[in-house]
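Asker: Next comes protein-v9.cif, mmCIF, C-alpha atoms and all ligand atoms:
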```cif
data_work
loop_
_atom_site.label_atom_id
_atom_site.label_comp_id
_atom_site.auth_asym_id
_atom_site.auth_seq_id
_atom_site.Cartn_x
_atom_site.Cartn_y
_atom_site.Cartn_z
CA MET H 19 -163.36 -18.78 -45.66
CA GLY H 20 -163.33 -15.39 -43.87
CA GLU H 21 -161.51 -14.22 -40.71
CA GLN H 22 -159.25 -16.65 -38.84
CA VAL H 23 -161.00 -18.48 -36.00
CA ASN H 24 -159.06 -20.12 -33.14
CA VAL H 25 -160.12 -23.71 -32.57
CA GLY H 26 -159.69 -25.70 -29.33
CA ILE H 27 -160.12 -29.47 -29.72
CA VAL H 28 -161.44 -31.51 -26.78
CA GLY H 29 -160.92 -35.23 -27.44
CA CYS H 30 -157.71 -36.32 -29.17
CA GLY H 31 -158.65 -39.87 -30.23
CA ALA H 32 -158.94 -41.70 -33.55
CA ILE H 33 -160.86 -39.06 -35.50
CA SER H 34 -158.89 -36.02 -34.29
CA GLY H 35 -156.22 -36.45 -37.01
CA ALA H 36 -158.79 -35.95 -39.79
CA TYR H 37 -159.79 -32.61 -38.24
CA THR H 38 -156.27 -31.34 -37.55
CA THR H 39 -155.36 -32.05 -41.20
CA THR H 40 -158.38 -30.07 -42.44
CA ILE H 41 -157.79 -27.20 -39.98
CA GLY H 42 -154.18 -27.09 -41.19
CA ARG H 43 -155.27 -26.49 -44.79
CA LEU H 44 -158.22 -24.12 -44.27
CA PRO H 45 -156.98 -20.52 -44.01
CA GLY H 46 -159.99 -19.46 -41.91
CA LEU H 47 -159.23 -21.89 -39.08
CA ARG H 48 -156.22 -22.13 -36.74
CA LEU H 49 -155.64 -24.90 -34.19
CA ALA H 50 -154.90 -23.01 -30.94
CA ALA H 51 -155.08 -25.72 -28.27
CA VAL H 52 -156.01 -29.34 -27.60
CA ALA H 53 -157.17 -31.25 -24.51
CA ASP H 54 -158.04 -34.81 -23.54
CA LEU H 55 -158.70 -36.69 -20.30
CA ASP H 56 -155.58 -38.59 -21.37
CA ALA H 57 -152.93 -35.84 -21.18
CA ALA H 58 -150.40 -37.88 -23.20
CA ARG H 59 -152.82 -38.04 -26.15
CA ALA H 60 -153.33 -34.29 -26.02
CA GLU H 61 -149.59 -33.70 -25.82
CA ALA H 62 -148.92 -35.87 -28.88
CA VAL H 63 -151.55 -34.03 -30.97
CA ALA H 64 -150.26 -30.65 -29.71
CA VAL H 65 -146.67 -31.43 -30.66
CA ALA H 66 -147.67 -32.73 -34.11
CA ASN H 67 -149.70 -29.59 -34.84
CA ASP H 68 -147.75 -26.81 -33.13
CA ALA H 69 -150.62 -26.18 -30.69
CA ARG H 70 -150.84 -25.92 -26.88
CA ALA H 71 -151.90 -28.96 -24.79
CA LEU H 72 -154.10 -27.85 -21.88
CA PRO H 73 -156.27 -29.50 -19.24
CA VAL H 74 -159.90 -29.63 -20.47
CA ALA H 75 -161.22 -26.90 -18.13
CA GLU H 76 -158.33 -24.56 -19.02
CA LEU H 77 -158.88 -25.01 -22.77
CA ILE H 78 -162.57 -24.25 -22.37
CA ALA H 79 -161.81 -21.09 -20.34
CA ASP H 80 -158.94 -19.94 -22.58
CA PRO H 81 -159.56 -16.52 -24.17
CA GLY H 82 -157.42 -17.65 -27.12
CA VAL H 83 -160.02 -20.26 -28.07
CA ASP H 84 -163.03 -19.02 -30.09
CA VAL H 85 -164.73 -22.32 -30.82
CA VAL H 86 -164.57 -25.68 -29.04
CA LEU H 87 -164.38 -28.67 -31.39
CA ASN H 88 -165.86 -31.54 -29.35
CA LEU H 89 -164.36 -34.85 -30.51
CA THR H 90 -165.02 -36.83 -27.33
CA VAL H 91 -167.00 -40.08 -27.15
CA PRO H 92 -170.83 -39.75 -27.43
CA ALA H 93 -171.41 -40.12 -23.66
CA ALA H 94 -169.26 -37.01 -23.07
CA HIS H 95 -170.67 -34.84 -25.90
CA ALA H 96 -173.29 -33.05 -23.78
CA GLY H 97 -171.06 -32.43 -20.74
CA VAL H 98 -168.21 -30.93 -22.78
CA ALA H 99 -170.63 -28.85 -24.89
CA LEU H 100 -172.42 -27.48 -21.81
CA ALA H 101 -169.11 -26.48 -20.19
CA ALA H 102 -167.95 -24.75 -23.39
CA ILE H 103 -171.28 -22.94 -23.81
CA ALA H 104 -171.12 -21.79 -20.17
CA ALA H 105 -167.73 -20.23 -21.03
CA GLY H 106 -169.33 -18.36 -23.95
CA LYS H 107 -167.70 -20.44 -26.71
CA ASP H 108 -169.22 -21.54 -29.99
CA VAL H 109 -169.31 -25.35 -30.18
CA TYR H 110 -169.09 -27.78 -33.08
CA GLY H 111 -169.15 -31.47 -32.17
CA GLU H 112 -168.91 -34.92 -33.56
CA LYS H 113 -172.15 -36.85 -33.98
CA PRO H 114 -174.47 -37.59 -32.35
CA LEU H 115 -175.35 -34.16 -30.90
CA ALA H 116 -175.66 -35.90 -27.51
CA ALA H 117 -176.20 -39.45 -26.29
CA THR H 118 -179.93 -38.77 -25.77
CA LYS H 119 -182.55 -36.37 -27.13
CA ALA H 120 -183.11 -34.99 -23.60
CA GLU H 121 -179.40 -34.10 -23.29
CA ALA H 122 -179.36 -32.62 -26.80
CA LEU H 123 -182.30 -30.35 -25.94
CA GLN H 124 -180.49 -29.21 -22.79
CA VAL H 125 -177.41 -28.32 -24.87
CA MET H 126 -179.49 -26.46 -27.47
CA ARG H 127 -181.35 -24.45 -24.82
CA ALA H 128 -178.06 -23.51 -23.14
CA ALA H 129 -176.56 -22.43 -26.50
CA ALA H 130 -179.64 -20.32 -27.31
CA ALA H 131 -179.58 -18.68 -23.86
CA ALA H 132 -175.86 -17.93 -24.14
CA GLY H 133 -176.17 -16.65 -27.72
CA VAL H 134 -173.43 -18.96 -29.02
CA ARG H 135 -173.40 -20.99 -32.22
CA LEU H 136 -173.86 -24.76 -32.06
CA GLY H 137 -173.16 -27.18 -34.89
CA CYS H 138 -172.81 -30.92 -35.28
CA ALA H 139 -171.32 -33.48 -37.66
CA PRO H 140 -171.75 -35.06 -40.12
CA ASP H 141 -170.40 -32.62 -42.69
CA THR H 142 -169.67 -35.35 -45.23
CA VAL H 143 -173.12 -34.60 -46.69
CA LEU H 144 -171.87 -31.11 -47.65
CA GLY H 145 -169.41 -32.63 -50.16
CA THR H 146 -170.06 -33.06 -53.87
CA GLY H 147 -171.60 -36.56 -53.56
CA VAL H 148 -174.77 -35.94 -51.54
CA GLN H 149 -175.03 -32.29 -52.65
CA SER H 150 -174.97 -33.19 -56.36
CA ALA H 151 -177.53 -35.95 -55.78
CA ARG H 152 -179.75 -33.46 -53.97
CA ARG H 153 -179.39 -30.96 -56.81
CA HIS H 154 -180.45 -33.60 -59.37
CA VAL H 155 -183.48 -34.54 -57.22
CA ASP H 156 -184.40 -30.86 -56.78
CA ASP H 157 -184.00 -30.29 -60.54
CA GLY H 158 -186.65 -32.99 -61.12
CA LEU H 159 -184.45 -35.57 -62.87
CA ILE H 160 -186.17 -38.52 -61.12
CA GLY H 161 -189.62 -36.93 -60.98
CA ALA H 162 -191.47 -36.82 -57.67
CA PRO H 163 -189.44 -38.82 -55.11
CA ILE H 164 -191.35 -41.86 -53.82
CA ALA H 165 -188.92 -43.89 -51.73
CA ALA H 166 -185.30 -44.41 -50.72
CA THR H 167 -183.12 -47.15 -49.25
CA ALA H 168 -180.11 -46.52 -47.00
CA ILE H 169 -177.93 -49.54 -46.24
CA MET H 170 -174.74 -49.82 -44.16
CA VAL H 171 -173.37 -53.18 -43.03
CA THR H 172 -170.03 -54.05 -41.47
CA PRO H 173 -168.84 -56.89 -39.22
CA GLY H 174 -167.97 -54.30 -36.53
CA HIS H 175 -165.54 -51.49 -35.64
CA GLU H 176 -163.69 -53.65 -33.05
CA ARG H 177 -161.79 -55.04 -36.04
CA TRP H 178 -159.89 -51.72 -36.49
CA HIS H 179 -160.65 -49.31 -33.60
CA PRO H 180 -158.27 -49.75 -30.59
CA ASN H 181 -160.94 -48.55 -28.08
CA PRO H 182 -164.28 -49.63 -29.58
CA ASP H 183 -166.17 -49.91 -26.24
CA PHE H 184 -168.43 -46.91 -26.97
CA TYR H 185 -169.74 -48.47 -30.18
CA TYR H 186 -171.35 -51.27 -28.13
CA ALA H 187 -172.70 -49.18 -25.21
CA PRO H 188 -175.82 -46.96 -25.00
CA GLY H 189 -175.20 -43.97 -27.28
CA GLY H 190 -173.44 -46.31 -29.72
CA GLY H 191 -174.62 -49.21 -31.89
CA PRO H 192 -174.81 -49.07 -35.69
CA LEU H 193 -177.80 -46.72 -35.74
CA LEU H 194 -176.40 -43.99 -33.46
CA ASP H 195 -172.89 -44.39 -34.91
CA MET H 196 -173.56 -44.64 -38.66
CA GLY H 197 -177.21 -43.59 -38.86
CA PRO H 198 -176.36 -39.85 -38.67
CA TYR H 199 -174.62 -39.99 -42.08
CA TYR H 200 -177.49 -41.77 -43.81
CA ILE H 201 -180.39 -40.02 -42.09
CA THR H 202 -178.81 -36.57 -42.51
CA ALA H 203 -178.33 -37.33 -46.22
CA LEU H 204 -181.96 -38.50 -46.49
CA ILE H 205 -183.14 -35.21 -44.94
CA HIS H 206 -181.01 -33.23 -47.41
CA LEU H 207 -182.53 -35.31 -50.23
CA LEU H 208 -186.15 -35.79 -49.12
CA GLY H 209 -186.80 -33.42 -46.22
CA PRO H 210 -187.77 -34.01 -42.58
CA VAL H 211 -189.42 -37.11 -41.14
CA SER H 212 -192.79 -37.31 -39.37
CA ARG H 213 -193.03 -40.96 -38.27
CA VAL H 214 -190.81 -44.05 -37.90
CA ILE H 215 -191.17 -47.76 -37.27
CA GLY H 216 -188.30 -50.12 -36.50
CA ALA H 217 -187.14 -53.63 -35.65
CA ALA H 218 -183.73 -54.68 -34.32
CA GLY H 219 -181.64 -57.53 -32.94
CA HIS H 220 -178.10 -58.45 -32.00
CA ALA H 221 -175.91 -61.37 -33.04
CA ARG H 222 -173.69 -61.87 -29.97
CA PRO H 223 -173.30 -60.54 -26.40
CA GLU H 224 -169.61 -59.64 -26.62
CA ARG H 225 -166.90 -58.54 -29.07
CA THR H 226 -163.12 -59.01 -29.12
CA ILE H 227 -160.82 -56.04 -29.81
CA ALA H 228 -158.58 -56.91 -32.76
CA SER H 229 -155.97 -54.12 -32.76
CA GLY H 230 -153.88 -51.89 -30.49
CA PRO H 231 -152.64 -52.44 -26.92
CA ARG H 232 -155.96 -54.03 -25.85
CA ALA H 233 -156.06 -56.58 -28.71
CA GLY H 234 -157.68 -59.82 -27.48
CA THR H 235 -159.74 -58.03 -24.78
CA THR H 236 -163.43 -58.93 -24.75
CA ILE H 237 -165.98 -56.11 -24.36
CA PRO H 238 -169.72 -56.41 -23.62
CA VAL H 239 -172.44 -55.59 -26.17
CA THR H 240 -175.39 -53.86 -24.49
CA VAL H 241 -177.10 -52.39 -27.56
CA ASP H 242 -178.80 -53.85 -30.65
CA THR H 243 -176.28 -54.32 -33.46
CA HIS H 244 -178.64 -54.86 -36.42
CA VAL H 245 -181.24 -52.10 -36.74
CA THR H 246 -183.84 -51.77 -39.50
CA GLY H 247 -186.49 -49.13 -39.91
CA ILE H 248 -188.86 -47.18 -42.09
CA LEU H 249 -188.83 -43.38 -42.07
CA ILE H 250 -192.01 -41.68 -43.26
CA HIS H 251 -191.03 -38.24 -44.55
CA ASP H 252 -193.35 -35.21 -44.31
CA SER H 253 -193.55 -35.38 -48.13
CA GLY H 254 -194.96 -38.92 -47.94
CA ALA H 255 -191.75 -40.49 -49.32
CA LEU H 256 -190.71 -43.70 -47.51
CA SER H 257 -187.07 -44.44 -46.63
CA THR H 258 -186.01 -47.97 -45.62
CA LEU H 259 -182.95 -48.13 -43.38
CA VAL H 260 -180.60 -51.05 -42.55
CA MET H 261 -177.69 -50.28 -40.17
CA SER H 262 -175.72 -53.34 -39.04
CA PHE H 263 -172.56 -54.31 -37.19
CA ASP H 264 -173.62 -57.97 -37.70
CA ALA H 265 -173.07 -58.60 -41.41
CA ALA H 266 -170.01 -59.44 -43.51
CA ALA H 267 -170.64 -57.30 -46.60
CA THR H 268 -173.22 -55.95 -49.04
CA ARG H 269 -173.39 -55.01 -52.70
CA ALA H 270 -176.33 -52.66 -52.11
CA ALA H 271 -175.81 -48.99 -52.95
CA PRO H 272 -175.32 -46.87 -49.79
CA ILE H 273 -178.42 -44.85 -50.73
CA GLU H 274 -180.87 -45.18 -53.61
CA VAL H 275 -183.65 -42.68 -54.24
CA HIS H 276 -186.57 -43.82 -56.38
CA GLY H 277 -188.75 -41.29 -58.21
CA GLU H 278 -191.67 -41.66 -60.56
CA LYS H 279 -189.37 -41.25 -63.62
CA ALA H 280 -186.00 -42.69 -62.54
CA SER H 281 -183.85 -44.16 -59.75
CA LEU H 282 -180.72 -42.48 -58.40
CA ILE H 283 -177.66 -43.96 -56.65
CA VAL H 284 -176.17 -41.60 -54.05
CA PRO H 285 -172.52 -42.15 -53.05
CA ASP H 286 -171.51 -43.19 -49.50
CA PRO H 287 -172.67 -40.38 -47.15
CA ASN H 288 -169.73 -41.19 -44.85
CA THR H 289 -167.48 -39.78 -47.60
CA PHE H 290 -167.54 -36.36 -49.27
CA ASP H 291 -167.60 -37.21 -52.97
CA GLY H 292 -168.31 -40.02 -55.46
CA ASP H 293 -170.40 -40.58 -58.57
CA VAL H 294 -174.14 -40.02 -58.70
CA LEU H 295 -175.81 -42.50 -61.09
CA ILE H 296 -179.26 -42.36 -62.65
CA HIS H 297 -181.41 -45.09 -64.24
CA PRO H 298 -184.48 -43.76 -66.10
CA ILE H 299 -187.37 -46.23 -66.37
CA ASP H 300 -186.50 -47.18 -69.97
CA GLY H 301 -182.74 -46.54 -69.77
CA THR H 302 -179.54 -47.85 -68.20
CA TRP H 303 -177.30 -46.63 -65.35
CA GLN H 304 -175.31 -43.52 -66.29
CA ALA H 305 -173.18 -41.06 -64.29
CA LEU H 306 -174.49 -37.53 -63.71
CA PRO H 307 -172.31 -34.40 -63.60
CA THR H 308 -171.02 -32.92 -60.34
CA LEU H 309 -173.10 -29.78 -59.86
CA ALA H 310 -172.99 -28.91 -56.16
CA GLY H 311 -171.04 -29.26 -52.90
CA TYR H 312 -167.68 -28.41 -51.37
CA ARG H 313 -165.04 -29.92 -53.67
CA ASN H 314 -162.12 -31.83 -52.11
CA ALA H 315 -163.72 -31.45 -48.67
CA SER H 316 -162.82 -33.33 -45.48
CA ARG H 317 -163.94 -33.49 -41.85
CA GLY H 318 -163.97 -29.94 -40.48
CA TYR H 319 -165.78 -28.25 -43.40
CA GLY H 320 -168.94 -28.21 -41.27
CA LEU H 321 -167.01 -26.28 -38.63
CA ALA H 322 -165.72 -23.83 -41.28
CA ASP H 323 -169.30 -23.50 -42.58
CA LEU H 324 -170.48 -22.68 -39.03
CA THR H 325 -167.78 -20.07 -38.40
CA THR H 326 -168.63 -18.28 -41.66
CA THR H 327 -172.43 -18.39 -41.22
CA PRO H 328 -173.71 -14.83 -40.64
CA PRO H 329 -175.08 -14.20 -37.12
CA GLY H 330 -178.75 -15.10 -36.83
CA GLU H 331 -178.58 -17.68 -39.64
CA LEU H 332 -178.35 -21.44 -39.19
CA PRO H 333 -175.17 -23.19 -40.27
CA ARG H 334 -175.74 -26.13 -42.63
CA ALA H 335 -174.54 -28.73 -40.08
CA SER H 336 -176.97 -27.23 -37.57
CA ALA H 337 -178.18 -28.26 -34.12
CA PRO H 338 -181.88 -28.42 -35.16
CA LEU H 339 -180.93 -30.83 -37.96
CA ALA H 340 -178.78 -32.93 -35.58
CA LEU H 341 -181.57 -32.95 -32.98
CA HIS H 342 -184.08 -34.12 -35.61
CA VAL H 343 -181.69 -36.89 -36.67
CA LEU H 344 -181.18 -37.93 -33.02
CA ASP H 345 -184.95 -37.87 -32.42
CA ILE H 346 -185.49 -40.11 -35.47
CA MET H 347 -182.85 -42.57 -34.23
CA GLU H 348 -184.07 -42.61 -30.63
CA SER H 349 -187.69 -43.05 -31.76
CA LEU H 350 -186.68 -45.85 -34.12
CA LEU H 351 -185.01 -47.67 -31.22
CA THR H 352 -188.11 -47.13 -29.06
CA SER H 353 -190.21 -48.56 -31.87
CA THR H 354 -188.00 -51.68 -31.94
CA THR H 355 -189.13 -52.45 -28.38
CA THR H 356 -192.81 -51.40 -28.66
CA ALA H 357 -193.52 -52.56 -32.24
CA GLN H 358 -195.45 -49.29 -32.66
CA ALA H 359 -194.94 -46.50 -35.19
CA ILE H 360 -193.60 -43.43 -33.34
CA PRO H 361 -194.50 -39.85 -34.33
CA ILE H 362 -191.45 -37.56 -34.54
CA THR H 363 -192.05 -34.43 -32.49
CA THR H 364 -189.04 -32.42 -33.74
CA THR H 365 -188.51 -31.12 -37.24
CA CYS H 366 -186.06 -28.98 -39.20
CA ALA H 367 -185.84 -27.14 -42.48
CA ARG H 368 -183.76 -28.75 -45.22
CA PRO H 369 -180.35 -27.07 -44.84
CA ASP H 370 -179.34 -24.58 -47.52
CA PRO H 371 -177.82 -26.45 -50.48
CA VAL H 372 -174.08 -26.00 -51.04
CA PRO H 373 -173.25 -24.45 -54.42
CA LEU H 374 -170.29 -26.03 -56.22
CA THR H 375 -167.39 -24.53 -54.24
CA GLU H 376 -163.73 -24.89 -55.15
CA PRO H 377 -161.28 -26.02 -52.42
CA CYS H 378 -159.66 -23.28 -50.32
N1 LIG Q 401 -163.14 -43.00 -35.35
C1 LIG Q 401 -163.78 -42.64 -36.43
O1 LIG Q 401 -163.48 -43.09 -37.55
C2 LIG Q 401 -164.89 -41.63 -36.36
C3 LIG Q 401 -165.40 -41.16 -37.56
C4 LIG Q 401 -166.38 -40.19 -37.53
C5 LIG Q 401 -166.86 -39.74 -36.32
N2 LIG Q 401 -166.39 -40.25 -35.16
C6 LIG Q 401 -166.98 -39.73 -33.91
O2 LIG Q 401 -165.97 -38.98 -33.25
C7 LIG Q 401 -166.13 -39.09 -31.84
C8 LIG Q 401 -164.84 -39.61 -31.24
O3 LIG Q 401 -164.55 -40.85 -31.84
P1 LIG Q 401 -163.07 -41.47 -31.80
O4 LIG Q 401 -163.11 -42.65 -32.67
O5 LIG Q 401 -162.06 -40.39 -32.05
O6 LIG Q 401 -163.05 -41.93 -30.26
P2 LIG Q 401 -161.75 -42.24 -29.36
O7 LIG Q 401 -162.22 -43.08 -28.24
O8 LIG Q 401 -160.65 -42.72 -30.22
O9 LIG Q 401 -161.35 -40.78 -28.84
C9 LIG Q 401 -162.14 -40.04 -27.95
C10 LIG Q 401 -161.21 -39.24 -27.06
O10 LIG Q 401 -162.00 -38.41 -26.21
C11 LIG Q 401 -161.41 -38.40 -24.93
N3 LIG Q 401 -162.45 -38.06 -23.96
C12 LIG Q 401 -163.52 -38.79 -23.59
N4 LIG Q 401 -164.28 -38.10 -22.69
C13 LIG Q 401 -163.66 -36.91 -22.53
C14 LIG Q 401 -163.95 -35.77 -21.75
N5 LIG Q 401 -165.03 -35.71 -20.96
N6 LIG Q 401 -163.11 -34.71 -21.81
C15 LIG Q 401 -162.00 -34.75 -22.59
N7 LIG Q 401 -161.68 -35.82 -23.36
C16 LIG Q 401 -162.51 -36.88 -23.33
C17 LIG Q 401 -160.87 -39.81 -24.74
O11 LIG Q 401 -159.85 -39.86 -23.76
C18 LIG Q 401 -160.34 -40.10 -26.16
O12 LIG Q 401 -158.99 -39.73 -26.33
C19 LIG Q 401 -167.34 -40.01 -31.61
O13 LIG Q 401 -168.48 -39.24 -31.41
C20 LIG Q 401 -167.44 -40.78 -32.93
O14 LIG Q 401 -168.77 -41.17 -33.20
C21 LIG Q 401 -165.40 -41.16 -35.14
#
```
Take the structure in the file and write it out as structure tokens.
Ligand SMILES: NC(=O)c1ccc[n+]([C@@H]2O[C@H](COP(=O)([O-])OP(=O)(O)OC[C@H]3O[C@@H](n4cnc5c(N)ncnc54)[C@H](O)[C@@H]3O)[C@@H](O)[C@H]2O)c1
Answerer:
Amino acid sequence: MGEQVNVGIVGCGAISGAYTTTIGRLPGLRLAAVADLDAARAEAVAVANDARALPVAELIADPGVDVVLNLTVPAAHAGVALAAIAAGKDVYGEKPLAATKAEALQVMRAAAAAGVRLGCAPDTVLGTGVQSARRHVDDGLIGAPIAATAIMVTPGHERWHPNPDFYYAPGGGPLLDMGPYYITALIHLLGPVSRVIGAAGHARPERTIASGPRAGTTIPVTVDTHVTGILIHDSGALSTLVMSFDAAATRAAPIEVHGEKASLIVPDPNTFDGDVLIHPIDGTWQALPTLAGYRNASRGYGLADLTTTPPGELPRASAPLALHVLDIMESLLTSTTTAQAIPITTTCARPDPVPLTEPC
């Protein structure tokens, strides 16, 4: 994937291992340094990956770091990104782009003023699953798209995450945590959104951590944990969304897209691959061929995509897309309290599709 780019990771928590593994196998990326507020965490990741552990400010200032990979918790996304941008670094971060739309806009303006590149997860949608589904929709296999459903339910991340506090605080909740995968996929499939309406609730005021050194500790829940909504796309297509930390299980497909000729099942947008299935009006479910996307991809491909995007062009996991997704989520949550449909004031182009690309 082009010239080697030196990556500095800020935030060495649960998801950092997925990125260090990908960086280790992509020839275009090299892990130069890592940092965390918890120096011991940074040290452990540095030792495991033959990288330098630095204090956060030193990593951001380090001339040996070309791009800052921001894997901190959502509340810290904007602060770390702004510091990295001020140091002239490109930034790619975990989702959401920031905890609020206002913060995200501040980060985007700073990146534009500094002339640095800014990208944001999820990159799962660049894998063969969502990309092949998009290709089949674009090729007209289901006819004109009319509607979609996107459904994610789980009893809650406190069952496996040792520090799940952020999932139950502002900036977290099932919509801000899992919504980016589903809404980003829906934008790839059906284009941008012009209006939303939502309703939400929560099952209980606290959660108990089930694993790690804090197992048994109770944490407060200050956000809605069952969020439903309708997204009205510019095209007129209607997507129905259910994101829940309050339900045991579901047999619903992660995403279904319904067209005038057929329905399509899209694999889990929190993974990179999986089968795309089609059901024509007078047919049965059948698997469709894999026609598009990064094969054998993993978290970090969005960063590699950003570092190889020619200057002046938008990477596929772009800031305008992430801002639009954040705007949709924030507006949906506003709608849950006002019971009004909310117009979406941001927009974005559908990202460039990913041709079928063999692993590096
Ligand atoms: N855990 C997952 O499975 C997963 C999957 C996909 C995406 N994500 C996203 O990745 C991000 C991180 O999630 P996680 O599960 O790794 O969280 P985590 O709590 O396990 O790790 C976050 C790390 O960031 C550090 N940190 C926080 N603020 C910081 C700051 N200002 N400067 C430096 N370090 C700071 C913390 O000390 C911690 O080590 C979140 O945005 C989350 O939504 C997580």
Asker: Skip Ala129 in chain H itself and residues of its chain fewer than 2 positions away, then list as number ranges by chain all residues within 9 Å of it, counting only C-alpha atoms.
Answerer: H: 99-100, 103-104, 106, 108-109, 124-127, 131-136
Asker: Pick from H:Ile41, H:Gly209, H:Ala165, H:Leu344: nearest to Leu256 in chain H, with only C-alpha atoms counted?
Answerer: H:Ala165
Asker: Could you list, as a PyMOL selection string, all residues that come within 8 Å of ligand LIG 401 (chain Q)? Count all atoms listed in the file.
Answerer: chain H and resi 28-34+53-56+59-60+74+88-95+97-98+111-114+139-140+179-182+184-185+190+195
Asker: Specify the axis-aligned box that encloses all atoms of range 102-114 of chain H listed in the file after padding of 6 Å on each side, stating its centre and edge lengths in Å to one decimal as JSON.
Answerer:
```
{"center_x": -171.1, "center_y": -28.0, "center_z": -27.1, "size_x": 18.8, "size_y": 31.2, "size_z": 25.8}
```
Asker: Need the shell around Val294 in chain H: protein/DNA/RNA residues with any atom at most 7 Å away, counting all atoms listed in the file. Skip same-chain ones fewer than 6 positions apart. Format as a PDB file with C-alpha atoms, in the coordinates of the input?
Answerer:
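Here's the written file out.pdb:
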```
ATOM      1  CA  GLY H 147    -171.600 -36.560 -53.560  1.00  0.00           C
ATOM      2  CA  ALA H 151    -177.530 -35.950 -55.780  1.00  0.00           C
ATOM      3  CA  ILE H 283    -177.660 -43.960 -56.650  1.00  0.00           C
ATOM      4  CA  VAL H 284    -176.170 -41.600 -54.050  1.00  0.00           C
ATOM      5  CA  PRO H 285    -172.520 -42.150 -53.050  1.00  0.00           C
ATOM      6  CA  ALA H 305    -173.180 -41.060 -64.290  1.00  0.00           C
ATOM      7  CA  LEU H 306    -174.490 -37.530 -63.710  1.00  0.00           C
TER       8      LEU H 306
END
```
Asker: Nearest to Gln149 in chain H among H:Val23, H:Leu204, H:Met261, H:Ile215, with distances taken over all atoms listed in the file: which residue is it?
Answerer: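 Ranking H:Val23, H:Leu204, H:Met261, H:Ile215 by distance to Gln149 in chain H, first place goes to H:Leu204.
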Asker: Rounded to one decimal in Å, what is the spacing between CA of Thr258 in chain H and CA of Ala120 in chain H?
Answerer: 25.7 Å
Asker: Just want the 10 Å neighbourhood of range 350-364 of chain H, counted on all atoms listed in the file, with same-chain residues fewer than 4 positions away dropped. Output as number ranges by chain.
Answerer: H: 193-194, 210-219, 241-242, 245-250, 338-339, 341-346
Asker: Could you please take those selected residues and save C-alpha atoms as a tab-separated table (two decimals), in the coordinates of the input?
Answerer:
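Final file, result.tsv:
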```
chain	number	residue	atom	x	y	z
H	193	LEU	CA	-177.80	-46.72	-35.74
H	194	LEU	CA	-176.40	-43.99	-33.46
H	210	PRO	CA	-187.77	-34.01	-42.58
H	211	VAL	CA	-189.42	-37.11	-41.14
H	212	SER	CA	-192.79	-37.31	-39.37
H	213	ARG	CA	-193.03	-40.96	-38.27
H	214	VAL	CA	-190.81	-44.05	-37.90
H	215	ILE	CA	-191.17	-47.76	-37.27
H	216	GLY	CA	-188.30	-50.12	-36.50
H	217	ALA	CA	-187.14	-53.63	-35.65
H	218	ALA	CA	-183.73	-54.68	-34.32
H	219	GLY	CA	-181.64	-57.53	-32.94
H	241	VAL	CA	-177.10	-52.39	-27.56
H	242	ASP	CA	-178.80	-53.85	-30.65
H	245	VAL	CA	-181.24	-52.10	-36.74
H	246	THR	CA	-183.84	-51.77	-39.50
H	247	GLY	CA	-186.49	-49.13	-39.91
H	248	ILE	CA	-188.86	-47.18	-42.09
H	249	LEU	CA	-188.83	-43.38	-42.07
H	250	ILE	CA	-192.01	-41.68	-43.26
H	338	PRO	CA	-181.88	-28.42	-35.16
H	339	LEU	CA	-180.93	-30.83	-37.96
H	341	LEU	CA	-181.57	-32.95	-32.98
H	342	HIS	CA	-184.08	-34.12	-35.61
H	343	VAL	CA	-181.69	-36.89	-36.67
H	344	LEU	CA	-181.18	-37.93	-33.02
H	345	ASP	CA	-184.95	-37.87	-32.42
H	346	ILE	CA	-185.49	-40.11	-35.47
```
Asker: Tell me which of H:Pro272, H:Gly292, H:Pro223, H:Gly311 sits closest to Ile169 in chain H, counting all atoms listed in the file.
Answerer: H:Pro272
Asker: When you draw a straight line from CA of Ser150 in chain H to CA of Pro307 in chain H, how long is it in Å?
Answerer: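 Rounded to one decimal, the two atoms are 7.8 Å apart.
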Asker: Name all residues at most 12 Å from Asp156 in chain H (count all atoms listed in the file; drop same-chain ones fewer than 2 positions away) and give them as a ChimeraX atom specification.
Answerer: /H:149-154,158-163,206-209,277,309-310,368,371
Asker: Contacts of Ile299 in chain H at 9 Å or less, counting all atoms listed in the file, minus same-chain residues fewer than 6 places along, as an MDAnalysis selection string?
Answerer: chainID H and resid 278:281
Asker: Which residue is closest to Gln22 in chain H? Choose from H:Leu144, H:Ala71, H:Ala130, H:Val85 and count only C-alpha atoms.
Answerer: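 For Gln22 in chain H, the nearest of the given residues is H:Val85.
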Asker: Give the answer as one residue: which of H:Val239, H:Ala221, H:Leu47, H:Met170 has the shortest atom-to-atom distance to Ala270 in chain H, using all atoms listed in the file?
Answerer: H:Met170
Asker: Work out how far CA of Leu282 in chain H is from CA of Asn314 in chain H, in Å to one decimal.
Answerer: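 CA of Leu282 in chain H lies 22.3 Å from CA of Asn314 in chain H.
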Asker: Closest to Phe290 in chain H among H:Arg334, H:Arg70, H:His276, H:Arg313, using only C-alpha atoms?
Answerer: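 Closest candidate: H:Arg313.
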